[in-house]
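Raw contents of final_24.cif, mmCIF, C-alpha atoms:
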```cif
data_work
#
loop_
_atom_site.label_atom_id
_atom_site.label_comp_id
_atom_site.auth_asym_id
_atom_site.auth_seq_id
_atom_site.Cartn_x
_atom_site.Cartn_y
_atom_site.Cartn_z
CA MET A 287 9.12 -20.51 -9.39
CA ARG A 288 10.04 -17.00 -8.26
CA LEU A 289 7.44 -14.27 -8.46
CA TYR A 290 8.48 -10.90 -9.87
CA GLY A 291 5.73 -8.36 -9.38
CA VAL A 292 4.39 -4.96 -8.54
CA GLY A 293 1.65 -3.71 -6.22
CA MET A 294 -1.39 -2.08 -7.79
CA GLY A 295 -1.74 0.47 -5.00
CA GLY A 296 -4.18 3.32 -5.51
CA TRP A 297 -6.80 1.43 -7.52
CA MET A 298 -9.25 -0.42 -5.24
CA ASN A 299 -7.46 0.97 -2.20
CA MET A 300 -6.63 4.63 -2.74
CA GLU A 301 -3.88 6.25 -0.67
CA ASN A 302 -3.07 9.91 -0.17
CA PHE A 303 0.47 9.90 -1.58
CA ILE A 304 -0.63 7.78 -4.56
CA SER A 305 -3.76 9.73 -5.50
CA GLY A 306 -2.76 13.22 -4.35
CA TYR A 307 -5.45 13.88 -1.74
CA PRO A 308 -4.89 14.56 2.00
CA GLY A 309 -5.97 12.19 4.79
CA ASN A 310 -7.80 8.88 4.35
CA GLU A 311 -9.88 7.45 1.51
CA GLU A 312 -13.31 7.24 3.13
CA ASN A 313 -13.20 10.89 4.13
CA ILE A 314 -12.03 12.20 0.75
CA ARG A 315 -14.73 10.20 -1.05
CA ARG A 316 -17.35 11.70 1.26
CA ILE A 317 -16.08 15.22 0.55
CA MET A 318 -15.81 14.70 -3.22
CA LEU A 319 -19.36 13.35 -3.37
CA ASP A 320 -20.58 16.41 -1.50
CA ARG A 321 -18.77 18.83 -3.83
CA MET A 322 -19.33 17.05 -7.16
CA GLY A 323 -22.79 15.56 -6.74
CA ARG A 324 -23.72 11.96 -7.45
CA ASP A 325 -23.61 12.01 -11.28
CA SER A 326 -20.13 13.53 -11.56
CA PHE A 327 -18.78 11.52 -8.64
CA ASP A 328 -19.95 8.26 -10.22
CA ALA A 329 -18.64 9.31 -13.65
CA PHE A 330 -15.19 10.00 -12.19
CA PHE A 331 -14.85 6.69 -10.37
CA GLU A 332 -16.36 4.55 -13.11
CA ALA A 333 -13.77 5.96 -15.51
CA PHE A 334 -11.00 5.78 -12.91
CA TYR A 335 -11.49 2.05 -12.28
CA GLU A 336 -11.29 1.36 -16.02
CA ASP A 337 -8.44 3.74 -16.85
CA PHE A 338 -6.10 2.99 -13.95
CA ILE A 339 -5.67 -0.64 -15.06
CA ALA A 340 -6.29 -1.41 -18.73
CA GLU A 341 -4.83 -3.49 -21.56
CA ASP A 342 -1.85 -1.20 -22.13
CA ASP A 343 -0.89 -1.42 -18.47
CA ALA A 344 -0.89 -5.22 -18.45
CA ARG A 345 1.05 -5.33 -21.72
CA HIS A 346 3.66 -2.96 -20.27
CA LEU A 347 4.11 -5.00 -17.09
CA ALA A 348 4.57 -8.16 -19.13
CA SER A 349 7.20 -6.38 -21.23
CA LEU A 350 9.19 -5.78 -18.04
CA GLY A 351 9.29 -9.52 -17.38
CA LEU A 352 6.93 -9.30 -14.41
CA ASN A 353 4.85 -12.41 -13.82
CA SER A 354 2.64 -11.29 -10.94
CA VAL A 355 0.71 -8.39 -9.48
CA ARG A 356 -0.46 -7.79 -5.95
CA ILE A 357 -3.94 -6.26 -6.01
CA PRO A 358 -4.82 -4.31 -2.84
CA PHE A 359 -8.49 -3.68 -2.13
CA ASN A 360 -10.58 -1.95 0.51
CA TYR A 361 -13.43 -3.92 2.07
CA ARG A 362 -15.76 -1.04 1.17
CA HIS A 363 -15.86 -2.26 -2.43
CA PHE A 364 -17.60 -5.39 -1.17
CA GLU A 365 -19.60 -4.31 1.86
CA ASP A 366 -21.17 -1.22 3.40
CA ASP A 367 -20.85 -0.52 7.11
CA ALA A 368 -24.60 0.12 7.20
CA ALA A 369 -25.25 -3.35 5.76
CA PRO A 370 -22.64 -5.72 7.23
CA PHE A 371 -22.35 -9.20 5.69
CA GLU A 372 -24.33 -8.11 2.58
CA LEU A 373 -21.72 -8.43 -0.15
CA LYS A 374 -21.79 -6.25 -3.27
CA GLU A 375 -21.26 -7.80 -6.68
CA GLU A 376 -19.61 -4.74 -8.21
CA GLY A 377 -16.45 -5.26 -6.15
CA PHE A 378 -16.08 -8.78 -7.48
CA ARG A 379 -16.71 -7.60 -11.04
CA ARG A 380 -13.84 -5.12 -10.76
CA LEU A 381 -11.50 -7.85 -9.57
CA ASP A 382 -12.73 -10.25 -12.26
CA ARG A 383 -11.90 -7.79 -15.01
CA VAL A 384 -8.29 -7.19 -14.00
CA ILE A 385 -7.61 -10.84 -13.09
CA ASP A 386 -8.73 -11.79 -16.61
CA LEU A 387 -6.77 -8.91 -18.10
CA PHE A 388 -3.50 -9.83 -16.41
CA ALA A 389 -4.01 -13.53 -17.13
CA ARG A 390 -4.12 -12.79 -20.87
CA HIS A 391 -0.59 -11.44 -20.51
CA GLY A 392 0.72 -14.34 -18.42
CA ILE A 393 0.56 -12.47 -15.11
CA TYR A 394 -0.72 -14.02 -11.88
CA SER A 395 -2.84 -12.03 -9.41
CA ILE A 396 -2.37 -12.04 -5.63
CA LEU A 397 -5.46 -10.73 -3.85
CA ASP A 398 -4.63 -8.43 -0.94
CA LEU A 399 -7.19 -7.25 1.64
CA HIS A 400 -5.53 -3.91 2.36
CA ALA A 401 -8.20 -2.31 4.55
CA VAL A 402 -10.64 -4.16 6.83
CA PRO A 403 -13.57 -3.02 8.97
CA GLY A 404 -12.21 -1.41 12.12
CA ARG A 405 -8.70 -0.96 10.62
CA GLN A 406 -5.92 -3.50 11.23
CA ASN A 407 -3.20 -0.90 11.78
CA GLN A 408 -2.83 2.68 12.98
CA GLN A 409 -2.23 4.44 9.68
CA TRP A 410 -3.89 5.84 6.58
CA HIS A 411 -3.24 2.83 4.32
CA SER A 412 -5.89 0.82 6.20
CA ASP A 413 -8.28 3.73 5.48
CA ASN A 414 -7.84 4.80 9.09
CA PRO A 415 -9.17 8.31 9.85
CA GLY A 416 -7.48 8.28 13.26
CA HIS A 417 -4.79 6.16 14.90
CA LEU A 418 -6.65 3.28 16.58
CA ALA A 419 -6.64 -0.27 15.17
CA GLU A 420 -10.03 -1.41 16.47
CA PHE A 421 -10.14 -4.53 14.32
CA TRP A 422 -8.32 -6.37 17.11
CA GLN A 423 -10.78 -5.42 19.87
CA HIS A 424 -14.10 -6.16 18.16
CA PRO A 425 -15.04 -9.70 17.04
CA HIS A 426 -17.70 -8.17 14.78
CA PHE A 427 -15.02 -6.64 12.56
CA GLN A 428 -13.11 -9.93 12.39
CA ASP A 429 -16.31 -11.83 11.59
CA ARG A 430 -16.90 -9.56 8.60
CA ALA A 431 -13.33 -10.01 7.30
CA VAL A 432 -13.61 -13.81 7.55
CA HIS A 433 -16.99 -13.72 5.80
CA LEU A 434 -15.50 -11.70 2.94
CA TRP A 435 -12.58 -14.11 2.57
CA GLU A 436 -14.94 -17.09 2.46
CA ALA A 437 -16.74 -15.40 -0.45
CA ILE A 438 -13.49 -14.53 -2.24
CA ALA A 439 -12.16 -18.07 -1.82
CA ASP A 440 -15.41 -19.51 -3.15
CA ARG A 441 -15.34 -17.25 -6.20
CA TYR A 442 -11.72 -17.87 -7.17
CA ARG A 443 -11.07 -21.39 -5.92
CA ASN A 444 -10.89 -22.77 -9.46
CA ARG A 445 -9.01 -19.83 -10.96
CA SER A 446 -5.39 -20.80 -11.63
CA GLU A 447 -4.69 -17.20 -12.69
CA VAL A 448 -4.94 -16.28 -9.00
CA ALA A 449 -1.65 -17.13 -7.31
CA GLY A 450 -3.13 -16.80 -3.85
CA TYR A 451 -4.69 -14.76 -1.07
CA ASN A 452 -3.04 -12.12 1.13
CA PRO A 453 -5.58 -12.08 4.01
CA LEU A 454 -4.37 -8.93 5.77
CA ASN A 455 -2.01 -6.14 4.77
CA GLU A 456 0.48 -4.87 7.35
CA PRO A 457 -1.26 -5.81 10.59
CA ALA A 458 -0.08 -4.03 13.74
CA GLU A 459 -1.36 -5.72 16.92
CA GLU A 460 0.66 -5.07 20.05
CA THR A 461 0.58 -8.48 21.75
CA GLY A 462 0.47 -10.66 18.64
CA ASP A 463 -2.07 -12.95 20.30
CA ALA A 464 -5.12 -11.60 18.45
CA LEU A 465 -3.23 -11.65 15.15
CA SER A 466 -2.15 -15.26 15.65
CA ALA A 467 -5.71 -16.29 16.49
CA PHE A 468 -7.10 -14.42 13.47
CA TYR A 469 -4.66 -16.04 11.05
CA GLU A 470 -5.54 -19.49 12.31
CA ARG A 471 -9.23 -18.69 12.01
CA VAL A 472 -9.14 -17.11 8.54
CA ALA A 473 -6.84 -19.86 7.20
CA LYS A 474 -9.26 -22.51 8.43
CA ALA A 475 -12.22 -20.67 6.88
CA ILE A 476 -10.48 -20.26 3.52
CA ARG A 477 -9.25 -23.85 3.47
CA ALA A 478 -12.78 -25.14 4.09
CA VAL A 479 -13.74 -23.55 0.78
CA ASP A 480 -10.49 -23.56 -1.18
CA PRO A 481 -7.72 -25.95 -0.08
CA ARG A 482 -5.41 -25.18 -3.00
CA HIS A 483 -4.52 -21.50 -3.25
CA VAL A 484 -1.44 -20.23 -1.44
CA LEU A 485 -1.87 -17.96 1.58
CA PHE A 486 0.50 -14.97 1.71
CA LEU A 487 0.78 -14.03 5.39
CA ASP A 488 2.10 -10.63 6.47
CA GLY A 489 4.09 -10.36 9.67
CA ASN A 490 3.13 -8.17 12.61
CA LYS A 491 4.26 -4.56 13.06
CA GLN A 492 3.42 -3.87 9.45
CA SER A 493 5.04 -7.04 8.15
CA THR A 494 8.43 -6.57 9.80
CA ASP A 495 7.99 -8.78 12.91
CA PHE A 496 7.46 -12.53 12.54
CA SER A 497 7.65 -13.59 16.18
CA VAL A 498 3.86 -14.09 16.11
CA PHE A 499 4.40 -17.22 14.02
CA GLU A 500 6.61 -18.76 16.69
CA LYS A 501 3.49 -19.02 18.86
CA GLN A 502 1.69 -20.95 16.10
CA GLY A 503 4.33 -23.66 16.00
CA ASP A 504 4.94 -25.04 12.52
CA PRO A 505 4.26 -22.81 9.50
CA LEU A 506 0.71 -23.01 8.22
CA PRO A 507 0.43 -25.46 5.29
CA ASN A 508 0.64 -24.10 1.75
CA SER A 509 1.57 -20.64 3.02
CA VAL A 510 4.16 -18.04 2.11
CA TYR A 511 5.36 -15.53 4.70
CA THR A 512 5.72 -12.02 3.40
CA ALA A 513 8.14 -9.40 4.66
CA HIS A 514 7.88 -5.72 3.77
CA ASP A 515 11.40 -4.48 3.30
CA TYR A 516 11.51 -0.70 2.95
CA SER A 517 15.04 0.57 3.51
CA LEU A 518 15.18 3.75 5.57
CA PRO A 519 17.36 5.88 3.26
CA GLY A 520 14.97 5.27 0.38
CA ILE A 521 11.89 6.42 2.27
CA SER A 522 13.48 9.44 3.92
CA ARG A 523 13.60 12.94 2.49
CA GLU A 524 16.94 13.43 4.23
CA GLY A 525 18.40 10.04 3.31
CA ARG A 526 21.55 9.11 1.45
CA TYR A 527 22.90 5.79 0.20
CA PRO A 528 25.53 4.70 0.84
CA GLY A 529 25.75 7.22 3.62
CA ILE A 530 24.21 8.57 6.78
CA THR A 531 20.44 8.56 7.41
CA ASN A 532 19.09 9.56 10.81
CA GLY A 533 22.58 9.46 12.24
CA GLU A 534 23.31 5.88 11.13
CA MET A 535 25.38 4.44 8.31
CA TYR A 536 23.52 2.56 5.58
CA ASP A 537 25.30 0.52 2.95
CA ARG A 538 24.71 -2.78 1.14
CA ARG A 539 25.78 -4.77 4.19
CA ARG A 540 23.24 -2.95 6.38
CA VAL A 541 20.48 -3.47 3.79
CA GLU A 542 21.20 -7.20 3.65
CA GLU A 543 21.32 -7.48 7.45
CA THR A 544 17.84 -5.93 7.64
CA PHE A 545 16.52 -8.32 5.00
CA LEU A 546 18.02 -11.32 6.80
CA ARG A 547 16.53 -10.24 10.11
CA ARG A 548 13.07 -9.79 8.63
CA THR A 549 13.19 -13.15 6.85
CA GLU A 550 14.85 -15.24 9.58
CA TYR A 551 11.64 -17.18 10.28
CA MET A 552 11.17 -18.13 6.64
CA ARG A 553 14.77 -19.22 6.14
CA ARG A 554 14.83 -21.22 9.38
CA THR A 555 11.58 -23.05 8.60
CA GLY A 556 12.32 -23.52 4.89
CA THR A 557 9.20 -21.71 3.72
CA PRO A 558 9.31 -19.48 0.61
CA ILE A 559 10.18 -15.81 0.98
CA TRP A 560 8.04 -13.15 -0.66
CA VAL A 561 8.91 -9.47 -0.18
CA GLY A 562 5.41 -8.08 -0.55
CA GLU A 563 6.45 -4.42 -0.58
CA PHE A 564 9.69 -2.49 -0.97
CA GLY A 565 11.09 0.38 -2.99
CA PRO A 566 12.44 3.91 -2.54
CA PHE A 567 10.83 7.30 -3.15
CA TYR A 568 11.78 9.42 -6.15
CA PRO A 569 10.81 12.95 -4.99
CA GLN A 570 10.32 15.22 -7.97
CA ASP A 571 11.87 18.14 -6.11
CA GLN A 572 15.14 16.25 -5.66
CA HIS A 573 17.28 16.02 -8.78
CA ASP A 574 19.88 13.56 -7.53
CA GLN A 575 18.09 10.21 -7.80
CA GLU A 576 21.00 7.95 -8.75
CA TRP A 577 21.68 6.75 -5.22
CA ARG A 578 18.02 5.71 -4.88
CA TYR A 579 18.36 3.46 -7.92
CA GLN A 580 21.58 2.06 -6.45
CA LEU A 581 19.72 1.19 -3.26
CA LEU A 582 17.00 -0.56 -5.25
CA GLN A 583 19.57 -2.43 -7.34
CA ASP A 584 21.28 -3.67 -4.18
CA GLN A 585 17.96 -4.90 -2.81
CA LEU A 586 17.14 -6.74 -6.02
CA GLU A 587 20.58 -8.36 -6.03
CA ILE A 588 20.10 -9.49 -2.43
CA TYR A 589 16.68 -10.97 -3.23
CA ALA A 590 18.17 -12.85 -6.18
CA GLU A 591 20.98 -14.24 -4.04
CA HIS A 592 18.46 -15.53 -1.49
CA GLU A 593 15.92 -16.68 -4.12
CA ALA A 594 13.25 -14.38 -2.70
CA SER A 595 10.18 -13.42 -4.69
CA TRP A 596 9.10 -9.79 -4.63
CA ALA A 597 6.45 -7.20 -5.46
CA LEU A 598 7.68 -3.63 -5.86
CA TRP A 599 5.53 -0.83 -4.46
CA THR A 600 3.92 0.72 -6.48
CA PHE A 601 2.71 0.68 -10.09
CA LYS A 602 1.13 4.08 -10.70
CA ASP A 603 0.80 7.31 -8.72
CA VAL A 604 1.07 11.10 -8.91
CA GLY A 605 4.86 11.12 -8.80
CA LEU A 606 6.47 9.82 -5.62
CA GLN A 607 7.10 6.11 -6.14
CA GLY A 608 5.33 4.65 -9.16
CA LEU A 609 6.63 2.93 -12.25
CA LEU A 610 4.27 5.31 -14.01
CA HIS A 611 3.00 8.66 -12.80
CA THR A 612 0.56 11.33 -13.89
CA ARG A 613 1.95 14.19 -15.94
CA PRO A 614 2.30 17.52 -14.12
CA ASP A 615 0.21 19.20 -16.85
CA SER A 616 -2.56 16.56 -16.80
CA GLU A 617 -6.18 17.55 -16.19
CA TYR A 618 -6.13 15.92 -12.76
CA MET A 619 -2.87 17.46 -11.56
CA ARG A 620 -3.82 20.93 -12.77
CA ARG A 621 -7.14 20.59 -10.96
CA ILE A 622 -5.64 19.54 -7.62
CA GLN A 623 -2.44 21.65 -7.79
CA PRO A 624 -3.38 24.32 -5.20
CA ALA A 625 -4.23 21.72 -2.54
CA TYR A 626 -1.35 19.50 -3.63
CA ASP A 627 1.16 22.32 -3.19
CA LEU A 628 -0.19 23.10 0.29
CA LYS A 629 -0.12 19.39 1.11
CA GLN A 630 3.57 19.29 0.21
CA SER A 631 4.46 22.41 2.20
CA LEU A 632 2.60 21.18 5.30
CA GLY A 633 3.93 17.64 4.92
CA THR A 634 0.51 16.13 5.60
CA ASP A 635 1.42 12.85 3.89
CA TYR A 636 3.06 10.63 6.47
CA TRP A 637 4.55 8.60 3.58
CA GLY A 638 6.88 10.79 1.54
CA GLY A 639 6.01 14.08 3.20
CA SER A 640 8.50 16.34 4.96
CA GLU A 641 8.28 17.91 8.41
CA THR A 642 10.31 20.93 7.30
CA GLY A 643 7.34 23.25 6.83
CA VAL A 644 5.82 22.43 10.23
CA ALA A 645 8.95 21.83 12.30
CA HIS A 646 8.15 24.96 14.32
CA ILE A 647 4.93 23.22 15.44
CA LEU A 648 6.25 19.70 15.89
CA ASP A 649 9.54 20.42 17.64
CA PRO A 650 8.03 22.08 20.73
CA VAL A 651 5.49 19.26 21.05
CA LYS A 652 8.22 16.63 20.82
CA GLU A 653 10.30 18.52 23.38
CA LEU A 654 7.30 18.66 25.72
CA PHE A 655 6.78 14.91 25.43
CA ASP A 656 10.48 14.24 25.96
CA ARG A 657 10.31 16.27 29.15
CA GLU A 658 6.93 15.27 30.59
CA PHE A 659 6.31 11.81 29.13
CA PRO A 660 9.72 10.27 28.43
CA ASP A 661 8.41 6.73 28.91
CA PHE A 662 5.49 7.15 26.49
CA LYS A 663 6.26 4.81 23.59
CA PRO A 664 3.07 4.18 21.60
CA TYR A 665 2.93 1.10 19.41
CA PRO A 666 4.17 0.48 16.77
CA TRP A 667 6.76 3.19 15.98
CA GLY A 668 7.26 5.17 19.17
CA GLN A 669 6.69 8.69 20.37
CA LYS A 670 8.11 10.98 17.69
CA ARG A 671 6.49 9.21 14.75
CA HIS A 672 3.23 9.03 16.69
CA ILE A 673 3.23 12.81 17.20
CA SER A 674 4.05 13.40 13.55
CA LEU A 675 1.21 11.11 12.44
CA LEU A 676 -1.35 12.85 14.65
CA VAL A 677 -0.33 16.40 13.76
CA ARG A 678 0.48 16.05 10.08
CA ASN A 679 -1.57 13.15 8.70
CA ILE A 680 -4.67 13.79 10.83
CA LEU A 681 -4.90 17.27 12.41
CA LEU A 682 -3.63 19.22 9.39
CA ALA A 683 -4.94 16.83 6.75
CA GLU A 684 -8.58 17.07 7.89
CA PRO A 685 -9.15 20.76 6.96
CA LEU A 686 -6.91 20.41 3.92
CA ALA A 687 -9.17 17.62 2.66
CA GLU A 688 -12.02 20.12 2.62
CA LYS A 689 -9.93 22.49 0.51
CA PHE A 690 -9.07 19.61 -1.83
CA GLY A 691 -12.76 18.79 -2.25
CA ASP A 692 -13.62 22.42 -3.01
CA LEU A 693 -11.50 22.17 -6.17
CA PHE A 694 -14.07 19.72 -7.59
CA ARG A 695 -17.09 22.00 -7.26
CA GLY A 696 -18.93 22.43 -10.54
CA VAL A 697 -17.22 19.50 -12.28
CA ASP A 698 -19.72 17.96 -14.69
CA PRO A 699 -19.70 14.25 -15.68
CA ASP A 700 -17.67 14.83 -18.87
CA GLN A 701 -15.08 16.83 -16.98
CA ALA A 702 -15.00 14.14 -14.30
CA ARG A 703 -14.22 11.45 -16.86
CA ALA A 704 -11.47 13.67 -18.33
CA LEU A 705 -9.91 13.99 -14.86
CA ALA A 706 -9.89 10.21 -14.45
CA ARG A 707 -8.25 9.79 -17.87
CA SER A 708 -5.12 11.40 -16.40
CA PHE A 709 -4.34 7.96 -14.93
CA ARG A 710 -4.49 6.13 -18.28
CA PHE A 711 -1.32 4.46 -19.47
CA ASP A 712 -0.95 6.72 -22.52
CA GLU A 713 -1.50 9.83 -20.38
CA CYS A 714 1.17 8.90 -17.81
CA GLU A 715 4.95 9.27 -17.78
CA GLU A 716 7.14 6.20 -17.42
CA ARG A 717 10.04 6.17 -14.99
CA THR A 718 12.24 4.54 -17.61
CA GLN A 719 15.33 4.07 -15.44
CA LEU A 720 13.21 2.10 -13.00
CA SER A 721 11.72 0.02 -15.81
CA ASP A 722 15.19 -0.79 -17.16
CA LEU A 723 16.37 -1.85 -13.72
CA LEU A 724 13.43 -4.20 -13.22
CA ARG A 725 13.99 -5.83 -16.62
CA LYS A 726 17.53 -6.64 -15.55
CA TYR A 727 16.33 -8.62 -12.53
CA THR A 728 13.22 -10.39 -13.80
CA THR A 729 15.41 -12.83 -15.67
CA VAL A 730 17.78 -13.65 -12.77
#
```
Structure encoded using structure tokens:
Amino acid sequence: MRLYGVGMGGWMNMENFISGYPGNEENIRRIMLDRMGRDSFDAFFEAFYEDFIAEDDARHLASLGLNSVRIPFNYRHFEDDAAPFELKEEGFRRLDRVIDLFARHGIYSILDLHAVPGRQNQQWHSDNPGHLAEFWQHPHFQDRAVHLWEAIADRYRNRSEVAGYNPLNEPAEETGDALSAFYERVAKAIRAVDPRHVLFLDGNKQSTDFSVFEKQGDPLPNSVYTAHDYSLPGISREGRYPGITNGEMYDRRRVEETFLRRTEYMRRTGTPIWVGEFGPFYPQDQHDQEWRYQLLQDQLEIYAEHEASWALWTFKDVGLQGLLHTRPDSEYMRRIQPAYDLKQSLGTDYWGGSETGVAHILDPVKELFDREFPDFKPYPWGQKRHISLLVRNILLAEPLAEKFGDLFRGVDPDQARALARSFRFDECEERTQLSDLLRKYTTV
């Protein structure tokens, strides 16, 4: 059985490009609580959790022929840093509701731990306020992640609506040794509780490098190995397809070569292939989107030819990538527009942002590093992307997050719930061309 799905990014793991804020989730929640006060803050998020995924959303996904969803979540829904190993029931209740909801529409859920204590990669999507992945250096953080997975496995071990567990999203661990050891440990812990559910295992270097599994020998039993297969033209503001992106030619042949390289381990060992994330941007300030849909169509054709399962990223956002997105005139978008416009001009989002507005800052820094530190190649993506991350997504995003929070001063609980309603299915716009394309390939 092939899985056709979509990631539910932005719900239990909020991200800046999905939700419209600058920086990382923990920081923006702290600022919003300070500006709104407890009653309005709680009113907003209680409504947000209900409105972001509801009956209409599940019905719509089923109408597209999708049979699965990947549900990312942040560990903070289940545990506070001030009280490690004390699990919170409300996180499980949120998962229970949507698992039941999707099951009623014939859709399986894949549970994805997207952000762990200490951060498993160097970027914002692990709720990282900086650029260090300390999960790999501190056994305490790993102990807490294993403890959480034991509880999840115990809760859902008899739930056939759950297709399986994705223990760690996009790990990035330079040697691979700590990642290999963690996978063996967490698999053993889960299997002691739940021997039946499939494990969906991301590769290293944000699920693009599978050499770590060579060290483990044979594939782990009852496991699927999951590649993330973003194609560079689709996630570049200056891309083109077919055509030149970053000085290199990209066409269908190049896209397939990348897919084959990323899935070589799975094909060689005969284990199933699941593309856990992929998909281009659809920038609202760029009118020519047809080539982006052509890129996506080529990827879907390639997956069909190789019998790969997939989960498109992402379901719902404020306009960059989602199947659905908030309306520009919605309560939420009108509220955040001043900070959102500045966020776009400064390019503070590493994912989907542009360096154009801050090139005069970045270019001299990059030239300095080229001259003085030519051998400096920080893991995982090298010098230039490292500089861009630190300047745009951290240095500039931190003060901008304060400005974003200021826009929520004086919001009362009723207004807060109205803001959250902007993410309801009937308040969002559908990217119909994307929907039509997915329908074409869910029956292949």
Ground truth for the PyMOL selection byres ((chain A and resi 645-647) around 12), written as a PyMOL selection string: chain A and resi 631-633+640-644+648-654+673-674+677-678+681-682
Among the residues A:Ala594, A:Leu586, A:Leu518, A:Ile622, the one that comes closest to A:Pro308 [using only C-alpha atoms]: A:Ile622
Reference answer for the PyMOL selection byres ((chain A and resi 602) around 10), as a PyMOL selection string: chain A and resi 292-297+304-305+338-339+343+599-601+603-612+709-711+714-716
Counting all atoms listed in the file, the option among A:Pro370, A:Gly489, A:Pro664, A:Gly291 closest to A:Thr549: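 That would be A:Gly489, the residue with the smallest distance to A:Thr549.
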The PyMOL selection byres ((chain A and resi 413-419) around 7) applied to the shown file, residues as a PyMOL selection string: chain A and resi 310-312+401+404-412+420-422+680
Coordinates-based distance that separates atom CA of A:Asp584 from atom CA of A:Glu542 (Å, one decimal): 8.6 Å
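Among the candidates A:Leu487, A:Ile393, A:Ala625, A:Ala597, the residue lying nearest to A:Thr512 is A:Leu487 (atoms considered: all atoms listed in the file).
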Contacts of stretch 609-651 of chain A with stretch 553-567 of chain A up to 12 Å, shortest pair per row, all atoms listed in the file, as JSON lines:
```
{"residue": "A:Leu609", "atom": "CA", "partner": "A:Gly565", "partner_atom": "CA", "distance": 10.6}
{"residue": "A:Trp637", "atom": "CA", "partner": "A:Phe567", "partner_atom": "CA", "distance": 9.3}
{"residue": "A:Gly638", "atom": "CA", "partner": "A:Phe567", "partner_atom": "CA", "distance": 7.1}
{"residue": "A:Gly639", "atom": "CA", "partner": "A:Phe567", "partner_atom": "CA", "distance": 10.5}
```
Å distance separating atom CA of A:Tyr727 from atom CA of A:Gly351, one decimal place: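 Atom-to-atom, atom CA of A:Tyr727 and atom CA of A:Gly351 are spaced 8.6 Å apart.
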As a compact mmCIF listing (two decimals) with C-alpha atoms, in the coordinates of the input, please: the residues near A:Ser708 (cut-off 10 Å, only C-alpha atoms, same-chain neighbours under 3 positions excluded).
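In the end it all went to out32.txt:
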```txt
# COMPACT_ATOMS: atom_id res chain seq x y z
CA PHE A 334 -11.00 5.78 -12.91
CA ASP A 337 -8.44 3.74 -16.85
CA PHE A 338 -6.10 2.99 -13.95
CA VAL A 604 1.07 11.10 -8.91
CA HIS A 611 3.00 8.66 -12.80
CA THR A 612 0.56 11.33 -13.89
CA ARG A 613 1.95 14.19 -15.94
CA PRO A 614 2.30 17.52 -14.12
CA ASP A 615 0.21 19.20 -16.85
CA SER A 616 -2.56 16.56 -16.80
CA GLU A 617 -6.18 17.55 -16.19
CA TYR A 618 -6.13 15.92 -12.76
CA MET A 619 -2.87 17.46 -11.56
CA ARG A 703 -14.22 11.45 -16.86
CA ALA A 704 -11.47 13.67 -18.33
CA LEU A 705 -9.91 13.99 -14.86
CA PHE A 711 -1.32 4.46 -19.47
CA ASP A 712 -0.95 6.72 -22.52
CA GLU A 713 -1.50 9.83 -20.38
CA CYS A 714 1.17 8.90 -17.81
```
Atomic separation - atom CA of A:Met298 relative to atom CA of A:Arg362, Å: 9.2 Å
A:Val479 surroundings by only C-alpha atoms, 9 Å radius, close-in-sequence under 6 positions cut, as an MDAnalysis selection string: chainID A and resid 436:437 439:440 443
Box for stretch 411-416 of chain A - axis-aligned, 6 Å on each of the six sides, all listed atoms - centre and size in Å to one decimal, as AutoDock Vina command-line options.
```
--center_x -6.2 --center_y 4.6 --center_z 8.8 --size_x 17.9 --size_y 19.5 --size_z 20.9
```
Distance query 12 Å from (4.4, -13.5, 5.7) using all atoms listed in the file, result as a short mmCIF file (atom, residue, chain, number, x, y, z; two decimals) with C-alpha atoms, in the frame of the given file:
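Saved file part.cif follows:
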```
data_model
loop_
_atom_site.label_atom_id
_atom_site.label_comp_id
_atom_site.auth_asym_id
_atom_site.auth_seq_id
_atom_site.Cartn_x
_atom_site.Cartn_y
_atom_site.Cartn_z
CA TYR A 451 -4.69 -14.76 -1.07
CA ASN A 452 -3.04 -12.12 1.13
CA PRO A 453 -5.58 -12.08 4.01
CA LEU A 454 -4.37 -8.93 5.77
CA ASN A 455 -2.01 -6.14 4.77
CA GLU A 456 0.48 -4.87 7.35
CA PRO A 457 -1.26 -5.81 10.59
CA TYR A 469 -4.66 -16.04 11.05
CA VAL A 484 -1.44 -20.23 -1.44
CA LEU A 485 -1.87 -17.96 1.58
CA PHE A 486 0.50 -14.97 1.71
CA LEU A 487 0.78 -14.03 5.39
CA ASP A 488 2.10 -10.63 6.47
CA GLY A 489 4.09 -10.36 9.67
CA ASN A 490 3.13 -8.17 12.61
CA LYS A 491 4.26 -4.56 13.06
CA GLN A 492 3.42 -3.87 9.45
CA SER A 493 5.04 -7.04 8.15
CA THR A 494 8.43 -6.57 9.80
CA ASP A 495 7.99 -8.78 12.91
CA PHE A 496 7.46 -12.53 12.54
CA SER A 497 7.65 -13.59 16.18
CA VAL A 498 3.86 -14.09 16.11
CA PHE A 499 4.40 -17.22 14.02
CA PRO A 505 4.26 -22.81 9.50
CA LEU A 506 0.71 -23.01 8.22
CA ASN A 508 0.64 -24.10 1.75
CA SER A 509 1.57 -20.64 3.02
CA VAL A 510 4.16 -18.04 2.11
CA TYR A 511 5.36 -15.53 4.70
CA THR A 512 5.72 -12.02 3.40
CA ALA A 513 8.14 -9.40 4.66
CA HIS A 514 7.88 -5.72 3.77
CA ASP A 515 11.40 -4.48 3.30
CA ARG A 548 13.07 -9.79 8.63
CA THR A 549 13.19 -13.15 6.85
CA GLU A 550 14.85 -15.24 9.58
CA TYR A 551 11.64 -17.18 10.28
CA MET A 552 11.17 -18.13 6.64
CA ARG A 553 14.77 -19.22 6.14
CA THR A 557 9.20 -21.71 3.72
CA PRO A 558 9.31 -19.48 0.61
CA ILE A 559 10.18 -15.81 0.98
CA TRP A 560 8.04 -13.15 -0.66
CA VAL A 561 8.91 -9.47 -0.18
CA GLY A 562 5.41 -8.08 -0.55
CA GLU A 563 6.45 -4.42 -0.58
CA SER A 595 10.18 -13.42 -4.69
CA TRP A 596 9.10 -9.79 -4.63
#
```
